[in-house]
Amino acid sequence: MTTGTPISPRLVKGGIVTMDPDTSVVLTVISLQYNPDSLTRSLQIQAMPGGSDGVRVDALRLRGPAIETIKVEAEMDAVDKLEFPKKYPLATKYGLHPQLAQLEMLVNPTVETLLADDAMANAGTLEIIPLEQPLTLFVWSSSRVIPVRLTEFSITEEAFDPNLNPIRAKLSLGMRVLSVDDLGFEHPGGRMFMSYLTNKESLASQAKSAALTTLALGS
């Protein structure tokens with residue numbers, strides 16, 4: 001009888017996906033190299049102003065979904081790949097530049113977009129409507145596929161190769177969840193938000209309620 005190595009569960013990575021907002025075609029998939037140890041979420045309640053004009057019942061009403069923000073601190077490291085230059089030629093040539101640039105393009109318009117806007121301005125177009133950016137999704141397990149807008153993005157490059165390519169970096173990503181209030185119900189991102197909220201409802205229904213006696217209420 002032979003003993004094999006224990007089968008460990010597959011590690012699911014968190015990451016970011018961009019999609020065409022019209023066709024829902026996936027454009028890019030960015031996987032975080034290492035899953036962060038923590039993820040910070042905050043929810044701002046959209047409550048009605050209670051007691052205004054004597055309508056006190058408004059204190060129990062919600063104007064819409066809570067405004068949720070997410071903050072993630074992630075790390076990137078190319079040192080291991082540099083030990084195998086034939087296997088990872090891009091890491092040897094550029095370090096982390098390609099991965100960092102891919103993330104930076106989430107918050108930058110393309111050169112093509114800028115040139116098109118400039119051409120329209122030079123042609124005397126009265127109103128230039130900025131082109132719609134791809135829909136950005138933050139993916140943190142199959143239970144959390146969330147449409148977001150990046151609101152904060154900082155990079156700290158901590159180590160460099162002899163050509164000054166960054167080989168180790170820390171990232172700080174701040175995101176605001178986009179709800180149906182932002183996108184509408186028919187937008188692909190709006191439908192994804194509704195699935196996200198539906199999943200919350202389903203999980204909440206599975207949590208067992210404590211007995212009133214736990215809170216020193218009832219008999």
# chains A, B, ... in the order shown; residues from 1 in each chain; ligands from 1
$ residues_around --residues "stretch 201-218 of chain A" --least-positions-apart "5" --cutoff "10 Å" --atoms "only C-alpha atoms" --output "ChimeraX atom specification"
/A:143,195-196
$ write_last_selection --atoms "N, CA and C atoms" --output "PDB file, in the first residue's frame"
ATOM      1  N   SER A 143     -19.099  34.089  -3.745  1.00  0.00           N
ATOM      2  CA  SER A 143     -20.191  34.769  -3.032  1.00  0.00           C
ATOM      3  C   SER A 143     -20.089  36.286  -3.144  1.00  0.00           C
ATOM      4  N   SER A 195     -27.606  40.436  -7.477  1.00  0.00           N
ATOM      5  CA  SER A 195     -27.218  39.061  -7.113  1.00  0.00           C
ATOM      6  C   SER A 195     -26.422  39.061  -5.817  1.00  0.00           C
ATOM      7  N   TYR A 196     -25.547  40.064  -5.676  1.00  0.00           N
ATOM      8  CA  TYR A 196     -24.740  40.212  -4.447  1.00  0.00           C
ATOM      9  C   TYR A 196     -25.646  40.431  -3.238  1.00  0.00           C
TER      10      TYR A 196
END
$ residues_around --residues "stretch 106-118 of chain A" --least-positions-apart "5" --cutoff "12 Å" --atoms "only C-alpha atoms" --output "PyMOL selection string"
chain A and resi 16-19+27-30+99-101+123-138+148-154+173-175
$ select_by_dssp --residues "stretch 26-204 of chain A" --states "helix (DSSP H, G or I)" --output "PyMOL selection string"
chain A and resi 52-54+56-60+79-82+89-94+97-104+111-122+180-183+188-204
$ closest_residue --among "A:Gly95, A:Gln33, A:Arg63, A:Pro49" --to "A:Phe160" --atoms "only C-alpha atoms"
A:Gly95
$ residues_around --residues "A:Ile45" --least-positions-apart "2" --cutoff "9 Å" --atoms "only C-alpha atoms" --output "list in words"
Leu43, Ala47, Leu62, Arg63, Gly64, Pro65, Ala66, Ile67 and Glu68 of chain A
$ write_last_selection --atoms "all heavy atoms" --output "short mmCIF file (atom, residue, chain, number, x, y, z; two decimals), in the first residue's frame"
data_model
loop_
_atom_site.label_atom_id
_atom_site.label_comp_id
_atom_site.auth_asym_id
_atom_site.auth_seq_id
_atom_site.Cartn_x
_atom_site.Cartn_y
_atom_site.Cartn_z
N LEU A 43 -20.01 50.24 5.76
CA LEU A 43 -21.33 50.46 5.16
C LEU A 43 -21.95 51.71 5.74
O LEU A 43 -22.11 51.83 6.96
CB LEU A 43 -22.24 49.25 5.41
CG LEU A 43 -21.92 47.99 4.61
CD1 LEU A 43 -20.87 47.15 5.30
CD2 LEU A 43 -23.19 47.16 4.38
N ALA A 47 -30.29 56.46 5.24
CA ALA A 47 -31.53 56.60 6.00
C ALA A 47 -32.23 57.91 5.62
O ALA A 47 -31.60 58.86 5.16
CB ALA A 47 -31.24 56.60 7.49
N LEU A 62 -35.51 53.44 4.64
CA LEU A 62 -34.21 53.49 3.97
C LEU A 62 -34.41 54.06 2.57
O LEU A 62 -35.36 53.68 1.87
CB LEU A 62 -33.59 52.09 3.87
CG LEU A 62 -33.22 51.41 5.19
CD1 LEU A 62 -32.74 49.98 4.93
CD2 LEU A 62 -32.12 52.20 5.91
N ARG A 63 -33.51 54.95 2.16
CA ARG A 63 -33.61 55.54 0.83
C ARG A 63 -33.04 54.63 -0.25
O ARG A 63 -33.29 54.84 -1.44
CB ARG A 63 -32.88 56.89 0.80
CG ARG A 63 -33.56 57.98 1.60
CD ARG A 63 -32.92 59.33 1.36
NE ARG A 63 -31.58 59.41 1.93
CZ ARG A 63 -30.47 59.54 1.21
NH1 ARG A 63 -30.53 59.55 -0.11
NH2 ARG A 63 -29.29 59.63 1.81
N GLY A 64 -32.28 53.63 0.15
CA GLY A 64 -31.68 52.73 -0.83
C GLY A 64 -30.65 51.84 -0.16
O GLY A 64 -30.50 51.86 1.07
N PRO A 65 -29.91 51.06 -0.95
CA PRO A 65 -28.89 50.18 -0.37
C PRO A 65 -27.80 50.99 0.34
O PRO A 65 -27.52 52.13 -0.05
CB PRO A 65 -28.31 49.45 -1.59
CG PRO A 65 -29.31 49.64 -2.67
CD PRO A 65 -29.99 50.93 -2.41
N ALA A 66 -27.22 50.40 1.35
CA ALA A 66 -26.12 51.06 2.06
C ALA A 66 -24.97 51.31 1.09
O ALA A 66 -24.73 50.54 0.15
CB ALA A 66 -25.64 50.19 3.21
N ILE A 67 -24.25 52.41 1.29
CA ILE A 67 -23.08 52.72 0.47
C ILE A 67 -21.89 51.96 1.08
O ILE A 67 -21.44 52.28 2.18
CB ILE A 67 -22.81 54.24 0.44
CG1 ILE A 67 -23.99 54.95 -0.19
CG2 ILE A 67 -21.53 54.53 -0.33
CD1 ILE A 67 -23.93 56.46 -0.10
N GLU A 68 -21.41 50.96 0.35
CA GLU A 68 -20.36 50.09 0.86
C GLU A 68 -19.01 50.45 0.25
O GLU A 68 -18.90 50.66 -0.96
CB GLU A 68 -20.69 48.63 0.55
CG GLU A 68 -19.68 47.64 1.11
CD GLU A 68 -20.09 46.19 0.90
OE1 GLU A 68 -21.19 45.95 0.37
OE2 GLU A 68 -19.30 45.30 1.27
#
$ closest_residue --among "A:Asp20, A:Met192, A:Tyr88, A:Leu96" --to "A:Glu157" --atoms "only C-alpha atoms"
A:Leu96
$ residues_around --residues "A:Pro36" --least-positions-apart "4" --cutoff "10 Å" --atoms "only C-alpha atoms" --output "short mmCIF file (atom, residue, chain, number, x, y, z; two decimals) with N, CA and C atoms, in the first residue's frame"
data_model
loop_
_atom_site.label_atom_id
_atom_site.label_comp_id
_atom_site.auth_asym_id
_atom_site.auth_seq_id
_atom_site.Cartn_x
_atom_site.Cartn_y
_atom_site.Cartn_z
N LYS A 13 -8.05 32.52 -5.44
CA LYS A 13 -7.45 33.86 -5.39
C LYS A 13 -8.53 34.93 -5.51
N GLY A 14 -8.29 36.06 -4.85
CA GLY A 14 -9.12 37.24 -5.07
C GLY A 14 -8.55 38.03 -6.24
N LEU A 32 -4.83 38.61 -7.72
CA LEU A 32 -3.87 39.05 -6.72
C LEU A 32 -2.86 37.94 -6.48
N VAL A 72 -8.37 47.14 0.54
CA VAL A 72 -7.52 45.95 0.51
C VAL A 72 -6.07 46.37 0.43
N GLU A 73 -5.24 45.73 1.24
CA GLU A 73 -3.78 45.93 1.17
C GLU A 73 -3.19 44.64 0.61
N ALA A 74 -2.51 44.74 -0.52
CA ALA A 74 -1.98 43.55 -1.18
C ALA A 74 -0.47 43.69 -1.41
N GLU A 75 0.18 42.56 -1.66
CA GLU A 75 1.62 42.56 -1.91
C GLU A 75 1.92 41.85 -3.22
#
$ decode --residues "stretch 186-198 of chain A" --atoms "all heavy atoms" --output "PDB file, in the first residue's frame"
ATOM      1  N   GLU A 186     -31.122  47.657 -15.110  1.00  0.00           N
ATOM      2  CA  GLU A 186     -30.896  46.965 -16.379  1.00  0.00           C
ATOM      3  C   GLU A 186     -29.424  46.862 -16.743  1.00  0.00           C
ATOM      4  O   GLU A 186     -29.048  46.077 -17.610  1.00  0.00           O
ATOM      5  CB  GLU A 186     -31.657  47.684 -17.510  1.00  0.00           C
ATOM      6  CG  GLU A 186     -33.166  47.709 -17.324  1.00  0.00           C
ATOM      7  CD  GLU A 186     -33.740  46.305 -17.150  1.00  0.00           C
ATOM      8  OE1 GLU A 186     -33.326  45.397 -17.902  1.00  0.00           O
ATOM      9  OE2 GLU A 186     -34.585  46.108 -16.252  1.00  0.00           O
ATOM     10  N   HIS A 187     -28.572  47.647 -16.113  1.00  0.00           N
ATOM     11  CA  HIS A 187     -27.137  47.605 -16.403  1.00  0.00           C
ATOM     12  C   HIS A 187     -26.564  46.279 -15.899  1.00  0.00           C
ATOM     13  O   HIS A 187     -26.987  45.761 -14.852  1.00  0.00           O
ATOM     14  CB  HIS A 187     -26.450  48.784 -15.697  1.00  0.00           C
ATOM     15  CG  HIS A 187     -25.042  49.018 -16.114  1.00  0.00           C
ATOM     16  ND1 HIS A 187     -23.987  48.263 -15.640  1.00  0.00           N
ATOM     17  CD2 HIS A 187     -24.492  49.935 -16.958  1.00  0.00           C
ATOM     18  CE1 HIS A 187     -22.862  48.703 -16.168  1.00  0.00           C
ATOM     19  NE2 HIS A 187     -23.140  49.712 -16.978  1.00  0.00           N
ATOM     20  N   PRO A 188     -25.612  45.677 -16.621  1.00  0.00           N
ATOM     21  CA  PRO A 188     -25.009  44.421 -16.140  1.00  0.00           C
ATOM     22  C   PRO A 188     -24.475  44.526 -14.717  1.00  0.00           C
ATOM     23  O   PRO A 188     -24.623  43.595 -13.915  1.00  0.00           O
ATOM     24  CB  PRO A 188     -23.875  44.163 -17.137  1.00  0.00           C
ATOM     25  CG  PRO A 188     -24.285  44.875 -18.379  1.00  0.00           C
ATOM     26  CD  PRO A 188     -25.065  46.072 -17.934  1.00  0.00           C
ATOM     27  N   GLY A 189     -23.875  45.668 -14.387  1.00  0.00           N
ATOM     28  CA  GLY A 189     -23.383  45.862 -13.025  1.00  0.00           C
ATOM     29  C   GLY A 189     -24.501  45.943 -12.017  1.00  0.00           C
ATOM     30  O   GLY A 189     -24.372  45.460 -10.880  1.00  0.00           O
ATOM     31  N   GLY A 190     -25.629  46.546 -12.416  1.00  0.00           N
ATOM     32  CA  GLY A 190     -26.792  46.607 -11.532  1.00  0.00           C
ATOM     33  C   GLY A 190     -27.333  45.221 -11.239  1.00  0.00           C
ATOM     34  O   GLY A 190     -27.706  44.907 -10.098  1.00  0.00           O
ATOM     35  N   ARG A 191     -27.358  44.373 -12.266  1.00  0.00           N
ATOM     36  CA  ARG A 191     -27.845  42.999 -12.056  1.00  0.00           C
ATOM     37  C   ARG A 191     -26.886  42.226 -11.149  1.00  0.00           C
ATOM     38  O   ARG A 191     -27.324  41.423 -10.314  1.00  0.00           O
ATOM     39  CB  ARG A 191     -28.011  42.292 -13.411  1.00  0.00           C
ATOM     40  CG  ARG A 191     -29.144  42.874 -14.262  1.00  0.00           C
ATOM     41  CD  ARG A 191     -29.499  41.943 -15.402  1.00  0.00           C
ATOM     42  NE  ARG A 191     -28.444  41.883 -16.409  1.00  0.00           N
ATOM     43  CZ  ARG A 191     -28.384  42.684 -17.461  1.00  0.00           C
ATOM     44  NH1 ARG A 191     -29.311  43.619 -17.641  1.00  0.00           N
ATOM     45  NH2 ARG A 191     -27.409  42.559 -18.348  1.00  0.00           N
ATOM     46  N   MET A 192     -25.586  42.481 -11.301  1.00  0.00           N
ATOM     47  CA  MET A 192     -24.621  41.804 -10.431  1.00  0.00           C
ATOM     48  C   MET A 192     -24.757  42.273  -8.990  1.00  0.00           C
ATOM     49  O   MET A 192     -24.609  41.477  -8.061  1.00  0.00           O
ATOM     50  CB  MET A 192     -23.199  42.052 -10.940  1.00  0.00           C
ATOM     51  CG  MET A 192     -22.887  41.304 -12.205  1.00  0.00           C
ATOM     52  SD  MET A 192     -21.212  41.571 -12.759  1.00  0.00           S
ATOM     53  CE  MET A 192     -21.224  40.581 -14.254  1.00  0.00           C
ATOM     54  N   PHE A 193     -25.050  43.568  -8.815  1.00  0.00           N
ATOM     55  CA  PHE A 193     -25.267  44.054  -7.451  1.00  0.00           C
ATOM     56  C   PHE A 193     -26.484  43.380  -6.836  1.00  0.00           C
ATOM     57  O   PHE A 193     -26.467  43.001  -5.654  1.00  0.00           O
ATOM     58  CB  PHE A 193     -25.442  45.567  -7.421  1.00  0.00           C
ATOM     59  CG  PHE A 193     -25.812  46.081  -6.055  1.00  0.00           C
ATOM     60  CD1 PHE A 193     -24.841  46.252  -5.082  1.00  0.00           C
ATOM     61  CD2 PHE A 193     -27.132  46.338  -5.720  1.00  0.00           C
ATOM     62  CE1 PHE A 193     -25.170  46.675  -3.806  1.00  0.00           C
ATOM     63  CE2 PHE A 193     -27.477  46.761  -4.439  1.00  0.00           C
ATOM     64  CZ  PHE A 193     -26.493  46.933  -3.486  1.00  0.00           C
ATOM     65  N   MET A 194     -27.555  43.215  -7.619  1.00  0.00           N
ATOM     66  CA  MET A 194     -28.758  42.564  -7.091  1.00  0.00           C
ATOM     67  C   MET A 194     -28.462  41.113  -6.704  1.00  0.00           C
ATOM     68  O   MET A 194     -28.986  40.611  -5.701  1.00  0.00           O
ATOM     69  CB  MET A 194     -29.881  42.636  -8.124  1.00  0.00           C
ATOM     70  CG  MET A 194     -30.418  44.051  -8.345  1.00  0.00           C
ATOM     71  SD  MET A 194     -31.129  44.774  -6.840  1.00  0.00           S
ATOM     72  CE  MET A 194     -32.638  43.828  -6.696  1.00  0.00           C
ATOM     73  N   SER A 195     -27.606  40.436  -7.477  1.00  0.00           N
ATOM     74  CA  SER A 195     -27.218  39.061  -7.113  1.00  0.00           C
ATOM     75  C   SER A 195     -26.422  39.061  -5.817  1.00  0.00           C
ATOM     76  O   SER A 195     -26.597  38.187  -4.960  1.00  0.00           O
ATOM     77  CB  SER A 195     -26.373  38.444  -8.236  1.00  0.00           C
ATOM     78  OG  SER A 195     -27.124  38.309  -9.416  1.00  0.00           O
ATOM     79  N   TYR A 196     -25.547  40.064  -5.676  1.00  0.00           N
ATOM     80  CA  TYR A 196     -24.740  40.212  -4.447  1.00  0.00           C
ATOM     81  C   TYR A 196     -25.646  40.431  -3.238  1.00  0.00           C
ATOM     82  O   TYR A 196     -25.476  39.803  -2.188  1.00  0.00           O
ATOM     83  CB  TYR A 196     -23.790  41.382  -4.652  1.00  0.00           C
ATOM     84  CG  TYR A 196     -22.981  41.811  -3.459  1.00  0.00           C
ATOM     85  CD1 TYR A 196     -22.153  40.919  -2.776  1.00  0.00           C
ATOM     86  CD2 TYR A 196     -23.017  43.138  -3.024  1.00  0.00           C
ATOM     87  CE1 TYR A 196     -21.395  41.331  -1.688  1.00  0.00           C
ATOM     88  CE2 TYR A 196     -22.253  43.559  -1.944  1.00  0.00           C
ATOM     89  CZ  TYR A 196     -21.447  42.652  -1.283  1.00  0.00           C
ATOM     90  OH  TYR A 196     -20.689  43.065  -0.207  1.00  0.00           O
ATOM     91  N   LEU A 197     -26.677  41.298  -3.399  1.00  0.00           N
ATOM     92  CA  LEU A 197     -27.595  41.576  -2.303  1.00  0.00           C
ATOM     93  C   LEU A 197     -28.490  40.373  -2.012  1.00  0.00           C
ATOM     94  O   LEU A 197     -28.776  40.059  -0.846  1.00  0.00           O
ATOM     95  CB  LEU A 197     -28.446  42.806  -2.647  1.00  0.00           C
ATOM     96  CG  LEU A 197     -29.243  43.442  -1.513  1.00  0.00           C
ATOM     97  CD1 LEU A 197     -28.324  43.891  -0.383  1.00  0.00           C
ATOM     98  CD2 LEU A 197     -30.072  44.617  -2.021  1.00  0.00           C
ATOM     99  N   THR A 198     -28.897  39.671  -3.064  1.00  0.00           N
ATOM    100  CA  THR A 198     -29.702  38.456  -2.890  1.00  0.00           C
ATOM    101  C   THR A 198     -28.926  37.413  -2.093  1.00  0.00           C
ATOM    102  O   THR A 198     -29.479  36.726  -1.219  1.00  0.00           O
ATOM    103  CB  THR A 198     -30.106  37.878  -4.256  1.00  0.00           C
ATOM    104  OG1 THR A 198     -30.897  38.834  -4.958  1.00  0.00           O
ATOM    105  CG2 THR A 198     -30.900  36.592  -4.095  1.00  0.00           C
TER     106      THR A 198
END
